[in-house]
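Q: Take this structure first; my questions come after.
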Amino acid sequence: AIERTLSIIKPDATARNITGKIIAKLEEAGLRIIAQKRIRWSKAEAEAFYAVHRERPFFNDLVAFMTSGPIVVQVLEGENAVAKNREVMGATNPANAAPGTIRREFAENIERNSVHGSDSAENAAAEIAQVFKPEELVG
Ligand code: CMP
């Protein structure tokens with residue numbers, strides 16, 4: 001089915017000026033960008049987005065990282081977009097990511113891992129609604 005998923009290019013990647021290299025990999029995988037903006041999150045916005053991880057030991061570091069610089073948020077659309085995006089991102093830890101994936105090629109470590117992608121269609125809808133207004137999606 002045609003799905004939508006939320007993608008974030010993280011501060012480690014905007015800092016290294018490699019957003020275009022990451023976007024090329026997403027597009028080469030057949031994903032279409034139907035919304036995109038460069039923003040900087042407040043602490044409250046990052047905490048709300050990652051609320052599911054609130055009890056994890058890495059939560060405070062993650063919020064500090066995600067507010068440390070600009071991010072590029074995107075809505076990607078395509079056949080099986082959620083799974084396809086996760087495939088092209090590779091494993092959370094770049095040490096475990098397959099060759100050719102975004103995280104294997106670009107991520108610095110398990111936290112500074114260059115990209116986020118929704119993990120289910122249900123979470124994608126909630127994440128998209130947190131970051132974009134409906135009229136910002138142009139399919
Ligand atoms: P993301 O897919 O955005 O989801 C949660 C983020 O927490 C993850 O990518 C990493 O940036 C960060 N993180 C830091 N440490 C860990 C860890 N040990 N396990 C999972 N995620 C981590």
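Note on naming: chains are A, B, ... as they come in the structure tokens, residues start from 1 per chain, ligands start from 1 in the order shown.
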Find the residues around Phe106 (chain A) up to 10 Å (only C-alpha atoms counted), leave out those fewer than 3 positions away in its own chain, and share them as JSON, numbers by chain.
A: {"A": [12, 13, 16, 18, 21, 22, 89, 94, 100, 101, 102, 103, 109, 112, 113, 114, 115]}
Q: May I have the residues within 9 Å of ligand 1, computed using only C-alpha atoms and all ligand atoms, as a list of chain:residue names?
A: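 Counting only what the definition allows, namely only C-alpha atoms and all ligand atoms, the set is A:Ile8, A:Lys10, A:Tyr50, A:His53, A:Arg56, A:Pro57, A:Phe58, A:Phe59, A:Asp61, A:Leu62, A:Val63, A:Phe65, A:Met66, A:Ala91, A:Thr92, A:Asn93, A:Asn109, A:Ile110, A:Glu111, A:Arg112, A:Asn113, A:Ser114, A:Val115, A:His116, A:Gly117, A:Ser118, A:Asp119.
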Q: Keeping N, CA, C and O atoms for every residue in the selection just given, could you write it to a file as a short mmCIF file (atom, residue, chain, number, x, y, z; two decimals), in the first residue's frame?
A:
data_model
loop_
_atom_site.label_atom_id
_atom_site.label_comp_id
_atom_site.auth_asym_id
_atom_site.auth_seq_id
_atom_site.Cartn_x
_atom_site.Cartn_y
_atom_site.Cartn_z
N ILE A 8 13.48 12.37 9.82
CA ILE A 8 14.22 13.52 10.36
C ILE A 8 15.69 13.35 10.02
O ILE A 8 16.27 12.29 10.30
N LYS A 10 19.09 14.52 11.26
CA LYS A 10 19.42 14.98 12.61
C LYS A 10 20.58 16.00 12.61
O LYS A 10 21.26 16.18 11.60
N TYR A 50 9.89 12.57 21.52
CA TYR A 50 10.51 11.33 21.99
C TYR A 50 9.92 10.85 23.32
O TYR A 50 10.58 10.10 24.06
N HIS A 53 10.37 7.42 24.83
CA HIS A 53 11.69 7.03 25.36
C HIS A 53 12.00 7.69 26.71
O HIS A 53 13.13 7.61 27.19
N ARG A 56 14.05 5.93 29.30
CA ARG A 56 15.31 5.30 28.87
C ARG A 56 16.51 6.10 29.38
O ARG A 56 16.45 7.32 29.50
N PRO A 57 17.62 5.40 29.64
CA PRO A 57 18.80 6.09 30.18
C PRO A 57 19.37 7.15 29.22
O PRO A 57 20.01 8.09 29.67
N PHE A 58 19.09 6.98 27.91
CA PHE A 58 19.66 7.91 26.94
C PHE A 58 18.77 9.12 26.66
O PHE A 58 19.10 9.96 25.83
N PHE A 59 17.61 9.23 27.36
CA PHE A 59 16.62 10.25 27.00
C PHE A 59 17.17 11.68 27.10
O PHE A 59 17.03 12.46 26.15
N ASP A 61 20.25 12.86 27.08
CA ASP A 61 21.27 13.08 26.06
C ASP A 61 20.64 13.24 24.68
O ASP A 61 21.07 14.07 23.88
N LEU A 62 19.62 12.41 24.42
CA LEU A 62 18.95 12.45 23.12
C LEU A 62 18.28 13.81 22.90
O LEU A 62 18.41 14.42 21.83
N VAL A 63 17.59 14.31 23.93
CA VAL A 63 16.93 15.62 23.82
C VAL A 63 17.98 16.72 23.64
O VAL A 63 17.82 17.62 22.79
N PHE A 65 20.93 16.42 22.28
CA PHE A 65 21.45 16.28 20.91
C PHE A 65 20.46 16.84 19.89
O PHE A 65 20.84 17.62 19.00
N MET A 66 19.20 16.46 20.01
CA MET A 66 18.21 16.84 18.98
C MET A 66 17.87 18.33 19.01
O MET A 66 17.26 18.84 18.07
N ALA A 91 20.31 -0.15 10.56
CA ALA A 91 20.12 -0.35 12.00
C ALA A 91 20.44 0.92 12.79
O ALA A 91 21.29 1.72 12.39
N THR A 92 19.76 1.07 13.95
CA THR A 92 19.95 2.24 14.83
C THR A 92 21.42 2.48 15.12
O THR A 92 21.90 3.61 15.06
N ASN A 93 22.13 1.39 15.46
CA ASN A 93 23.57 1.48 15.73
C ASN A 93 24.33 1.30 14.42
O ASN A 93 24.24 0.23 13.80
N ASN A 109 27.60 7.56 15.59
CA ASN A 109 27.46 6.55 16.65
C ASN A 109 25.97 6.30 16.88
O ASN A 109 25.14 6.86 16.16
N ILE A 110 25.63 5.49 17.89
CA ILE A 110 24.22 5.09 18.08
C ILE A 110 23.32 6.29 18.36
O ILE A 110 22.14 6.26 18.02
N GLU A 111 23.84 7.33 18.99
CA GLU A 111 23.02 8.53 19.23
C GLU A 111 23.06 9.46 18.02
O GLU A 111 22.00 9.85 17.49
N ARG A 112 24.23 9.80 17.57
CA ARG A 112 24.41 10.72 16.43
C ARG A 112 24.32 9.89 15.16
O ARG A 112 25.31 9.73 14.43
N ASN A 113 23.08 9.39 14.92
CA ASN A 113 22.90 8.39 13.85
C ASN A 113 22.19 8.96 12.61
O ASN A 113 21.59 8.23 11.84
N SER A 114 22.28 10.28 12.45
CA SER A 114 21.98 10.98 11.19
C SER A 114 20.51 11.08 10.79
O SER A 114 20.13 12.08 10.18
N VAL A 115 19.72 10.04 11.06
CA VAL A 115 18.33 10.04 10.62
C VAL A 115 17.41 9.36 11.63
O VAL A 115 17.84 8.48 12.39
N HIS A 116 16.15 9.79 11.60
CA HIS A 116 15.06 9.11 12.31
C HIS A 116 14.02 8.71 11.27
O HIS A 116 13.80 9.45 10.31
N GLY A 117 13.36 7.59 11.49
CA GLY A 117 12.21 7.22 10.67
C GLY A 117 11.16 6.56 11.55
O GLY A 117 11.49 5.80 12.47
N SER A 118 9.89 6.84 11.27
CA SER A 118 8.80 6.24 12.05
C SER A 118 8.90 4.72 12.00
O SER A 118 9.32 4.15 10.99
N ASP A 119 8.49 4.04 13.10
CA ASP A 119 8.63 2.58 13.16
C ASP A 119 7.35 1.82 12.82
O ASP A 119 7.35 0.60 12.79
#
Q: Can you pull out every residue from chain A that DSSP, working from the backbone, puts in alpha helix (DSSP H), and format the result as a VMD selection string?
A: chain A and resid 11 to 15 19 to 28 43 to 49 59 to 66 81 to 89 102 to 106 121 to 131
Q: Residues as selected, C-alpha atoms, written as a CSV table (one decimal), in the first residue's frame, can you do that?
A:
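Printed below is part26.csv as written:
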chain,number,residue,atom,x,y,z
A,11,PRO,CA,21.8,17.7,13.9
A,12,ASP,CA,25.0,15.6,13.3
A,13,ALA,CA,24.1,15.5,9.6
A,14,THR,CA,23.0,19.2,9.2
A,15,ALA,CA,26.3,20.1,10.9
A,19,THR,CA,21.5,16.6,3.9
A,20,GLY,CA,21.7,16.3,0.1
A,21,LYS,CA,23.6,13.0,0.3
A,22,ILE,CA,21.0,11.6,2.6
A,23,ILE,CA,18.1,12.9,0.5
A,24,ALA,CA,19.6,11.3,-2.6
A,25,LYS,CA,19.6,7.9,-0.8
A,26,LEU,CA,15.9,8.3,0.2
A,27,GLU,CA,14.9,9.3,-3.3
A,28,GLU,CA,17.0,6.5,-4.9
A,43,LYS,CA,13.6,21.3,24.5
A,44,ALA,CA,9.8,20.9,25.0
A,45,GLU,CA,9.3,19.9,21.3
A,46,ALA,CA,12.1,17.3,21.4
A,47,GLU,CA,10.8,15.9,24.7
A,48,ALA,CA,7.3,15.6,23.3
A,49,PHE,CA,8.4,13.9,20.1
A,59,PHE,CA,16.6,10.3,27.0
A,60,ASN,CA,18.3,13.4,28.4
A,61,ASP,CA,21.3,13.1,26.1
A,62,LEU,CA,18.9,12.5,23.1
A,63,VAL,CA,16.9,15.6,23.8
A,64,ALA,CA,20.1,17.6,24.2
A,65,PHE,CA,21.4,16.3,20.9
A,66,MET,CA,18.2,16.8,19.0
A,81,ALA,CA,7.2,3.8,2.9
A,82,VAL,CA,7.6,2.9,6.6
A,83,ALA,CA,9.6,-0.3,6.0
A,84,LYS,CA,11.4,1.0,2.9
A,85,ASN,CA,12.6,4.0,4.9
A,86,ARG,CA,13.8,1.8,7.7
A,87,GLU,CA,15.6,-0.4,5.2
A,88,VAL,CA,17.5,2.5,3.6
A,89,MET,CA,18.3,4.0,7.1
A,102,ILE,CA,22.5,5.8,5.4
A,103,ARG,CA,23.6,5.0,9.0
A,104,ARG,CA,26.4,2.8,7.8
A,105,GLU,CA,27.7,5.5,5.5
A,106,PHE,CA,27.1,8.6,7.5
A,121,ALA,CA,2.3,3.4,10.0
A,122,GLU,CA,0.3,4.2,13.2
A,123,ASN,CA,3.3,6.1,14.8
A,124,ALA,CA,4.0,7.8,11.4
A,125,ALA,CA,0.6,9.4,11.4
A,126,ALA,CA,1.1,10.7,15.0
A,127,GLU,CA,4.6,11.9,14.3
A,128,ILE,CA,3.6,13.6,11.1
A,129,ALA,CA,0.8,15.4,12.9
A,130,GLN,CA,3.3,16.6,15.6
A,131,VAL,CA,5.6,18.3,13.0
Q: In Å, rounded to a single decimal, give me how far CA of Leu76 (chain A) is from CA of Ala1 (chain A).
A: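 Result for CA of Ala1 (chain A) versus CA of Leu76 (chain A): 13.6 Å, one decimal.
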Q: Run DSSP on the backbone of this structure and report the residues of chain A it assigns to strand (DSSP E or B), as a PDB file with N, CA and C atoms, in the first residue's frame.
A:
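Printed below is selection_25.pdb as written:
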ATOM      1  N   ILE A   2       0.354   2.328  -0.525  1.00  0.00           N
ATOM      2  CA  ILE A   2       1.058   3.609  -0.465  1.00  0.00           C
ATOM      3  C   ILE A   2       0.948   4.129   0.964  1.00  0.00           C
ATOM      4  N   GLU A   3       2.105   4.405   1.573  1.00  0.00           N
ATOM      5  CA  GLU A   3       2.148   4.894   2.953  1.00  0.00           C
ATOM      6  C   GLU A   3       2.907   6.214   3.020  1.00  0.00           C
ATOM      7  N   ARG A   4       2.777   6.862   4.187  1.00  0.00           N
ATOM      8  CA  ARG A   4       3.587   8.039   4.502  1.00  0.00           C
ATOM      9  C   ARG A   4       4.353   7.769   5.785  1.00  0.00           C
ATOM     10  N   THR A   5       5.541   8.334   5.875  1.00  0.00           N
ATOM     11  CA  THR A   5       6.335   8.164   7.087  1.00  0.00           C
ATOM     12  C   THR A   5       7.047   9.457   7.409  1.00  0.00           C
ATOM     13  N   LEU A   6       7.344   9.675   8.692  1.00  0.00           N
ATOM     14  CA  LEU A   6       8.097  10.868   9.083  1.00  0.00           C
ATOM     15  C   LEU A   6       9.585  10.544   9.109  1.00  0.00           C
ATOM     16  N   SER A   7      10.357  11.395   8.455  1.00  0.00           N
ATOM     17  CA  SER A   7      11.814  11.289   8.424  1.00  0.00           C
ATOM     18  C   SER A   7      12.409  12.543   9.037  1.00  0.00           C
ATOM     19  N   ILE A   8      13.481  12.365   9.824  1.00  0.00           N
ATOM     20  CA  ILE A   8      14.218  13.519  10.361  1.00  0.00           C
ATOM     21  C   ILE A   8      15.692  13.349  10.023  1.00  0.00           C
ATOM     22  N   ILE A   9      16.272  14.371   9.422  1.00  0.00           N
ATOM     23  CA  ILE A   9      17.724  14.431   9.250  1.00  0.00           C
ATOM     24  C   ILE A   9      18.250  15.196  10.460  1.00  0.00           C
ATOM     25  N   ARG A  32       9.256   9.510  -2.053  1.00  0.00           N
ATOM     26  CA  ARG A  32       9.025  10.864  -2.565  1.00  0.00           C
ATOM     27  C   ARG A  32       8.835  11.810  -1.395  1.00  0.00           C
ATOM     28  N   ILE A  33       9.500  12.971  -1.422  1.00  0.00           N
ATOM     29  CA  ILE A  33       9.360  13.974  -0.361  1.00  0.00           C
ATOM     30  C   ILE A  33       8.122  14.803  -0.661  1.00  0.00           C
ATOM     31  N   ILE A  34       7.104  14.681   0.193  1.00  0.00           N
ATOM     32  CA  ILE A  34       5.872  15.456  -0.038  1.00  0.00           C
ATOM     33  C   ILE A  34       5.736  16.612   0.953  1.00  0.00           C
ATOM     34  N   ALA A  35       6.682  16.700   1.901  1.00  0.00           N
ATOM     35  CA  ALA A  35       6.769  17.866   2.790  1.00  0.00           C
ATOM     36  C   ALA A  35       8.187  17.897   3.336  1.00  0.00           C
ATOM     37  N   GLN A  36       8.717  19.104   3.528  1.00  0.00           N
ATOM     38  CA  GLN A  36      10.087  19.216   4.051  1.00  0.00           C
ATOM     39  C   GLN A  36      10.299  20.611   4.613  1.00  0.00           C
ATOM     40  N   LYS A  37      10.913  20.680   5.794  1.00  0.00           N
ATOM     41  CA  LYS A  37      11.319  21.991   6.318  1.00  0.00           C
ATOM     42  C   LYS A  37      12.503  21.827   7.271  1.00  0.00           C
ATOM     43  N   ARG A  38      13.312  22.890   7.326  1.00  0.00           N
ATOM     44  CA  ARG A  38      14.454  22.929   8.229  1.00  0.00           C
ATOM     45  C   ARG A  38      14.028  23.748   9.442  1.00  0.00           C
ATOM     46  N   ILE A  39      14.154  23.153  10.620  1.00  0.00           N
ATOM     47  CA  ILE A  39      13.690  23.804  11.852  1.00  0.00           C
ATOM     48  C   ILE A  39      14.708  23.552  12.966  1.00  0.00           C
ATOM     49  N   ILE A  71      17.471  20.685  12.331  1.00  0.00           N
ATOM     50  CA  ILE A  71      17.085  19.387  11.772  1.00  0.00           C
ATOM     51  C   ILE A  71      16.270  19.644  10.504  1.00  0.00           C
ATOM     52  N   VAL A  72      16.198  18.636   9.641  1.00  0.00           N
ATOM     53  CA  VAL A  72      15.331  18.707   8.470  1.00  0.00           C
ATOM     54  C   VAL A  72      14.266  17.631   8.654  1.00  0.00           C
ATOM     55  N   VAL A  73      13.012  18.060   8.766  1.00  0.00           N
ATOM     56  CA  VAL A  73      11.897  17.116   8.920  1.00  0.00           C
ATOM     57  C   VAL A  73      11.220  16.949   7.573  1.00  0.00           C
ATOM     58  N   GLN A  74      10.831  15.713   7.301  1.00  0.00           N
ATOM     59  CA  GLN A  74      10.248  15.394   5.994  1.00  0.00           C
ATOM     60  C   GLN A  74       9.101  14.406   6.153  1.00  0.00           C
ATOM     61  N   VAL A  75       8.136  14.491   5.253  1.00  0.00           N
ATOM     62  CA  VAL A  75       7.179  13.408   5.072  1.00  0.00           C
ATOM     63  C   VAL A  75       7.538  12.706   3.764  1.00  0.00           C
ATOM     64  N   LEU A  76       7.773  11.410   3.858  1.00  0.00           N
ATOM     65  CA  LEU A  76       8.110  10.588   2.696  1.00  0.00           C
ATOM     66  C   LEU A  76       6.906   9.732   2.345  1.00  0.00           C
ATOM     67  N   GLU A  77       6.647   9.612   1.054  1.00  0.00           N
ATOM     68  CA  GLU A  77       5.506   8.825   0.588  1.00  0.00           C
ATOM     69  C   GLU A  77       5.980   7.796  -0.421  1.00  0.00           C
ATOM     70  N   GLY A  78       5.355   6.613  -0.383  1.00  0.00           N
ATOM     71  CA  GLY A  78       5.675   5.584  -1.369  1.00  0.00           C
ATOM     72  C   GLY A  78       5.111   4.243  -0.950  1.00  0.00           C
ATOM     73  N   GLU A  79       5.290   3.273  -1.822  1.00  0.00           N
ATOM     74  CA  GLU A  79       4.866   1.903  -1.543  1.00  0.00           C
ATOM     75  C   GLU A  79       5.628   1.405  -0.312  1.00  0.00           C
ATOM     76  N   VAL A 115      19.725  10.036  11.060  1.00  0.00           N
ATOM     77  CA  VAL A 115      18.326  10.041  10.619  1.00  0.00           C
ATOM     78  C   VAL A 115      17.409   9.359  11.633  1.00  0.00           C
ATOM     79  N   HIS A 116      16.152   9.790  11.600  1.00  0.00           N
ATOM     80  CA  HIS A 116      15.060   9.108  12.306  1.00  0.00           C
ATOM     81  C   HIS A 116      14.022   8.713  11.273  1.00  0.00           C
ATOM     82  N   GLY A 117      13.355   7.588  11.492  1.00  0.00           N
ATOM     83  CA  GLY A 117      12.210   7.218  10.672  1.00  0.00           C
ATOM     84  C   GLY A 117      11.158   6.560  11.546  1.00  0.00           C
TER      85      GLY A 117
END
Q: May I ask for the distance between CA of Ala107 (chain A) and CA of Thr67 (chain A), given in Å to one decimal place?
A: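 Between these atoms lies a distance of 17.4 Å.
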Q: Could you check the closest approach to Pro70 (chain A) for each of A:Arg54, A:Gly90, A:Ser42, A:Ala95 and tell me which residue wins, using only C-alpha atoms?
A: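 Closest candidate: A:Ser42.
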Q: Let me make sure I understand: among A:Leu31, A:Asn17, A:Lys133, A:Val52, which one has the smallest atom-to-atom distance to Asn80 (chain A) if we use only C-alpha atoms?
A: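 Of A:Leu31, A:Asn17, A:Lys133, A:Val52, the one nearest Asn80 (chain A), counting only C-alpha atoms, is A:Leu31.
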Q: Could you check how far CA of Glu108 (chain A) sits from CA of Asn96 (chain A), in Å to one decimal?
A: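 CA of Asn96 (chain A) lies at a distance of 12.4 Å from CA of Glu108 (chain A).
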